Structure formats: structure tokens, C-alpha cells
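Chemist: This is the content of query19.pdb (PDB, C-alpha atoms and all ligand atoms):
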```pdb
ATOM      1  CA  MET A 152      97.263 104.750 134.365
ATOM      2  CA  GLY A 153      96.186 108.249 135.197
ATOM      3  CA  ASP A 154      99.128 109.303 133.098
ATOM      4  CA  CYS A 155      98.036 112.072 130.779
ATOM      5  CA  MET A 156      99.759 111.048 127.603
ATOM      6  CA  ASN A 157     100.356 113.409 124.776
ATOM      7  CA  PHE A 158     100.821 111.903 121.341
ATOM      8  CA  PRO A 159     101.984 114.478 118.830
ATOM      9  CA  LYS A 160     101.283 113.893 115.140
ATOM     10  CA  ASP A 161     104.897 112.976 114.480
ATOM     11  CA  TRP A 162     106.239 110.066 116.517
ATOM     12  CA  ALA A 163     109.717 111.624 116.420
ATOM     13  CA  VAL A 164     108.331 114.492 118.525
ATOM     14  CA  PHE A 165     107.021 111.930 121.028
ATOM     15  CA  LEU A 166     110.546 110.503 121.320
ATOM     16  CA  GLU A 167     111.897 113.991 121.847
ATOM     17  CA  ASP A 168     109.276 114.802 124.496
ATOM     18  CA  TYR A 169     109.685 111.616 126.531
ATOM     19  CA  SER A 170     113.391 110.957 126.235
ATOM     20  CA  PHE A 171     116.107 112.428 128.435
ATOM     21  CA  ARG A 172     119.835 112.451 129.002
ATOM     22  CA  ASP A 173     121.239 110.730 132.039
ATOM     23  CA  HIS A 174     122.945 113.040 134.481
ATOM     24  CA  LYS A 175     126.513 111.806 134.143
ATOM     25  CA  GLU A 176     126.327 110.530 130.564
ATOM     26  CA  PHE A 177     128.655 107.824 131.771
ATOM     27  CA  TYR A 178     127.255 104.943 129.705
ATOM     28  CA  THR A 179     125.452 106.939 127.057
ATOM     29  CA  ASN A 180     127.993 109.428 125.816
ATOM     30  CA  GLY A 181     125.179 111.974 125.647
ATOM     31  CA  ALA A 182     122.721 109.807 123.702
ATOM     32  CA  ARG A 183     119.103 110.342 124.744
ATOM     33  CA  LEU A 184     117.335 107.590 126.682
ATOM     34  CA  ILE A 185     113.686 106.572 126.705
ATOM     35  CA  PRO A 186     112.047 104.036 129.046
ATOM     36  CA  THR A 187     110.843 100.873 127.352
ATOM     37  CA  PHE A 188     107.278 101.426 128.634
ATOM     38  CA  ARG A 189     107.241 104.725 126.719
ATOM     39  CA  VAL A 190     108.323 102.879 123.587
ATOM     40  CA  GLU A 191     105.488 100.397 124.161
ATOM     41  CA  GLN A 192     102.997 103.240 124.540
ATOM     42  CA  MET A 193     104.353 104.877 121.418
ATOM     43  CA  MET A 194     104.223 101.694 119.338
ATOM     44  CA  HIS A 195     100.710 100.920 120.512
ATOM     45  CA  HIS A 196      99.425 104.398 119.722
ATOM     46  CA  TYR A 197     101.072 104.955 116.356
ATOM     47  CA  LEU A 198     100.555 101.421 115.051
ATOM     48  CA  GLN A 199      96.900 101.609 116.042
ATOM     49  CA  LYS A 200      96.615 104.952 114.281
ATOM     50  CA  ALA A 201      98.318 103.611 111.156
ATOM     51  CA  LYS A 202      95.883 100.686 111.160
ATOM     52  CA  GLU A 203      92.903 103.021 111.409
ATOM     53  CA  ASP A 204      94.268 105.261 108.651
ATOM     54  CA  SER A 205      94.761 102.333 106.292
ATOM     55  CA  VAL A 206      91.216 101.010 106.679
ATOM     56  CA  VAL A 207      90.049 102.988 103.651
ATOM     57  CA  VAL A 208      89.927 100.382 100.898
ATOM     58  CA  VAL A 209      89.004 101.204  97.346
ATOM     59  CA  HIS A 210      86.500  98.749  95.958
ATOM     60  CA  GLY A 211      85.855  97.947  92.352
ATOM     61  CA  ARG A 212      84.269  95.372  90.089
ATOM     62  CA  TRP A 213      85.430  93.652  86.955
ATOM     63  CA  GLU A 214      83.230  94.344  83.984
ATOM     64  CA  PRO A 215      83.521  92.186  80.900
ATOM     65  CA  TRP A 216      85.484  94.152  78.326
ATOM     66  CA  ALA A 217      86.225  92.122  75.231
ATOM     67  CA  ILE A 218      83.377  89.667  74.770
ATOM     68  CA  GLN A 219      83.868  87.426  71.781
ATOM     69  CA  PRO A 220      80.988  86.126  69.632
ATOM     70  CA  ASN A 221      81.098  82.763  71.430
ATOM     71  CA  GLY A 222      80.594  84.525  74.764
ATOM     72  CA  PHE A 223      84.191  84.157  75.886
ATOM     73  CA  ILE A 224      85.324  87.167  77.893
ATOM     74  CA  GLY A 225      88.761  88.126  76.630
ATOM     75  CA  SER A 226      89.450  90.808  79.199
ATOM     76  CA  TYR A 227      87.937  92.797  82.034
ATOM     77  CA  CYS A 228      87.718  96.470  82.884
ATOM     78  CA  CYS A 229      88.281  97.732  86.447
ATOM     79  CA  THR A 230      85.416 100.010  87.507
ATOM     80  CA  ALA A 231      87.735 101.908  89.828
ATOM     81  CA  CYS A 232      90.482 102.931  87.391
ATOM     82  CA  LYS A 233      88.996 101.912  84.020
ATOM     83  CA  LYS A 234      92.105  99.942  83.078
ATOM     84  CA  VAL A 235      91.744  96.669  81.250
ATOM     85  CA  SER A 236      93.150  93.415  82.577
ATOM     86  CA  ILE A 237      93.194  89.975  80.985
ATOM     87  CA  THR A 238      92.475  88.273  84.297
ATOM     88  CA  ALA A 239      89.764  88.988  86.851
ATOM     89  CA  SER A 240      91.881  88.686  89.990
ATOM     90  CA  ASP A 241      90.868  89.605  93.554
ATOM     91  CA  TYR A 242      92.696  92.919  93.316
ATOM     92  CA  CYS A 243      93.201  95.210  90.349
ATOM     93  CA  PRO A 244      96.859  94.941  89.310
ATOM     94  CA  ASN A 245      96.783  98.577  88.188
ATOM     95  CA  CYS A 246      95.167 100.488  91.089
ATOM     96  CA  GLY A 247      94.973  97.852  93.828
ATOM     97  CA  ALA A 248      91.193  98.091  94.216
ATOM     98  CA  LYS A 249      89.647  95.144  96.039
ATOM     99  CA  MET A 250      87.238  93.467  93.694
ATOM    100  CA  ASP A 251      83.803  92.733  95.064
ATOM    101  CA  GLY A 252      82.413  89.371  93.934
ATOM    102  CA  GLY A 253      80.269  89.013  90.885
ATOM    103  CA  ASN A 254      82.592  87.008  88.693
ATOM    104  CA  GLU A 255      80.651  83.833  89.251
ATOM    105  CA  ASP A 256      77.281  83.478  87.582
ATOM    106  CA  GLY A 257      74.768  84.575  90.073
TER
HETATM  107 ZN    ZN B   1      91.835  99.363  88.910
END
```
Could you render the structure as C-alpha cells?
Modeler:
Amino acid sequence: MGDCMNFPKDWAVFLEDYSFRDHKEFYTNGARLIPTFRVEQMMHHYLQKAKEDSVVVVHGRWEPWAIQPNGFIGSYCCTACKKVSITASDYCPNCGAKMDGGNEDG
């Protein structure tokens, strides 16, 4: 606490900033060392950031595409990428959009 942490954009720079060489390099052969609590801080910060960055989810809907005379829907069109799929799954197999309900009769 009270530690003014600096998290650069690139986590590799964080490692560079907070690691050090031991004085005698007896056990390390010159490899850089970093305290485990710094690794914990780094993991917490960058994983949290990655989570926040990945929150943007593309949403789409399946629209009936090939409706046969008997009302059977032969395929569906993704509203996000406009590709046609034969199944109305939870996610578009082409663009990965998350499909918002609406496949059941409402
Ligand atoms: Zn799609």
C-alpha cells in the first residue's frame, strides 16, 4: 500500500522496470530477478485490463433466410455479418456474434 505503481502499456516493460540483478550473480548467472509480489501485482493489473478490453461483445440476431412454402426455415442470416447458416446457434459460426434471443415464438 502507498506504493505508487506504474503499469506501462507493455507488461514486458513492467518486468524490466521492477526486476533487478543480484549483486554477486552467484545463483542467477546474471539473470534478472523479480519479487513474487511484483508478479502478483502485474498479473492482477494486466489480467484485469485484458478482461475489461474483451468486454466488447458483438451482438446479432438470426433472421429467417430460406423460408419454404410450408413455413420451414431452411437457413438463417446473421444480422452482424450477413452470412447464412443452416443452424441458429447461440453464436454465429462465421463472425462469433452472440445471438440475442428471438428464435422461439414470442
Ligand atoms: Zn455473423
Chemist: Can you list, as a tab-separated table (two decimals) with C-alpha atoms, in the coordinates of the input, every protein, DNA or RNA residue that comes within 7 Å of range 184-190 of chain A when you count only C-alpha atoms, leaving out same-chain residues fewer than 4 positions away?
Modeler:
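Result file follows (part_16.tsv):
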```
chain	number	residue	atom	x	y	z
A	169	TYR	CA	109.68	111.62	126.53
A	170	SER	CA	113.39	110.96	126.24
A	171	PHE	CA	116.11	112.43	128.44
A	172	ARG	CA	119.84	112.45	129.00
A	194	MET	CA	104.22	101.69	119.34
```
Chemist: Residues picked by the PyMOL selection byres (((chain A and resi 213-219) around 7) and not hetatm) here, as an mmCIF file with C-alpha atoms, in the coordinates of the input?
Modeler:
```cif
data_model
loop_
_atom_site.group_PDB
_atom_site.id
_atom_site.type_symbol
_atom_site.label_atom_id
_atom_site.label_comp_id
_atom_site.auth_asym_id
_atom_site.auth_seq_id
_atom_site.Cartn_x
_atom_site.Cartn_y
_atom_site.Cartn_z
ATOM 1 C CA GLY A 211 85.855 97.947 92.352
ATOM 2 C CA ARG A 212 84.269 95.372 90.089
ATOM 3 C CA PRO A 220 80.988 86.126 69.632
ATOM 4 C CA ASN A 221 81.098 82.763 71.430
ATOM 5 C CA GLY A 222 80.594 84.525 74.764
ATOM 6 C CA PHE A 223 84.191 84.157 75.886
ATOM 7 C CA ILE A 224 85.324 87.167 77.893
ATOM 8 C CA GLY A 225 88.761 88.126 76.630
ATOM 9 C CA SER A 226 89.450 90.808 79.199
ATOM 10 C CA TYR A 227 87.937 92.797 82.034
ATOM 11 C CA CYS A 228 87.718 96.470 82.884
ATOM 12 C CA CYS A 229 88.281 97.732 86.447
ATOM 13 C CA THR A 230 85.416 100.010 87.507
ATOM 14 C CA ALA A 239 89.764 88.988 86.851
ATOM 15 C CA MET A 250 87.238 93.467 93.694
#
```
Chemist: Return as a PyMOL selection string the residues of protein, DNA or RNA that approach ligand ZN 1 (chain B) to within 7 Å, with all atoms listed in the file taken into account.
Modeler: chain A and resi 229-234+243-248
Chemist: Selection from above, C-alpha atoms, as a PDB file, in the frame of the given file, can you write it?
Modeler:
```pdb
ATOM      1  CA  CYS A 229      88.281  97.732  86.447  1.00  0.00           C
ATOM      2  CA  THR A 230      85.416 100.010  87.507  1.00  0.00           C
ATOM      3  CA  ALA A 231      87.735 101.908  89.828  1.00  0.00           C
ATOM      4  CA  CYS A 232      90.482 102.931  87.391  1.00  0.00           C
ATOM      5  CA  LYS A 233      88.996 101.912  84.020  1.00  0.00           C
ATOM      6  CA  LYS A 234      92.105  99.942  83.078  1.00  0.00           C
ATOM      7  CA  CYS A 243      93.201  95.210  90.349  1.00  0.00           C
ATOM      8  CA  PRO A 244      96.859  94.941  89.310  1.00  0.00           C
ATOM      9  CA  ASN A 245      96.783  98.577  88.188  1.00  0.00           C
ATOM     10  CA  CYS A 246      95.167 100.488  91.089  1.00  0.00           C
ATOM     11  CA  GLY A 247      94.973  97.852  93.828  1.00  0.00           C
ATOM     12  CA  ALA A 248      91.193  98.091  94.216  1.00  0.00           C
TER      13      ALA A 248
END
```
Chemist: Enter the distance from CA of Ser236 in chain A to CA of Val208 in chain A, in Å, rounded to one decimal.
Modeler: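 Between CA of Ser236 in chain A and CA of Val208 in chain A the gap is 19.9 Å.
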Chemist: Lys160 in chain A: which residues within 10 Å, counting only C-alpha atoms, same-chain residues fewer than 4 positions away excluded, as a ChimeraX atom specification?
Modeler: /A:164-165,197
Chemist: Which one is closest to Leu166 in chain A: A:Gln192, A:Ser240, A:Thr179, A:Ser205? Count all atoms listed in the file.
Modeler: A:Gln192
Chemist: Could you check how far CA of Arg183 in chain A sits from CA of Asp168 in chain A, in Å to one decimal?
Modeler: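 Spanning CA of Arg183 in chain A to CA of Asp168 in chain A is a straight-line distance of 10.8 Å.
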Chemist: CA of Asn180 in chain A and CA of Asp161 in chain A, how far apart in Å?
Modeler: 26.0 Å
Chemist: Between A:Gly181, A:Met193, A:His174, A:His210, which one has atoms that come closest to Asn157 in chain A, using all atoms listed in the file?
Modeler: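 Checking each candidate against Asn157 in chain A, we get A:Met193 as the closest.
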Chemist: Taking all atoms of range 207-226 of chain A that the file lists, what box with edges along x, y and z, padded by 5 Å per side, do you get, with centre and edge lengths in Å to one decimal, as lines of an AutoDock Vina configuration file?
Modeler:
```
center_x = 85.3
center_y = 92.9
center_z = 86.6
size_x = 19.5
size_y = 30.2
size_z = 44.0
```
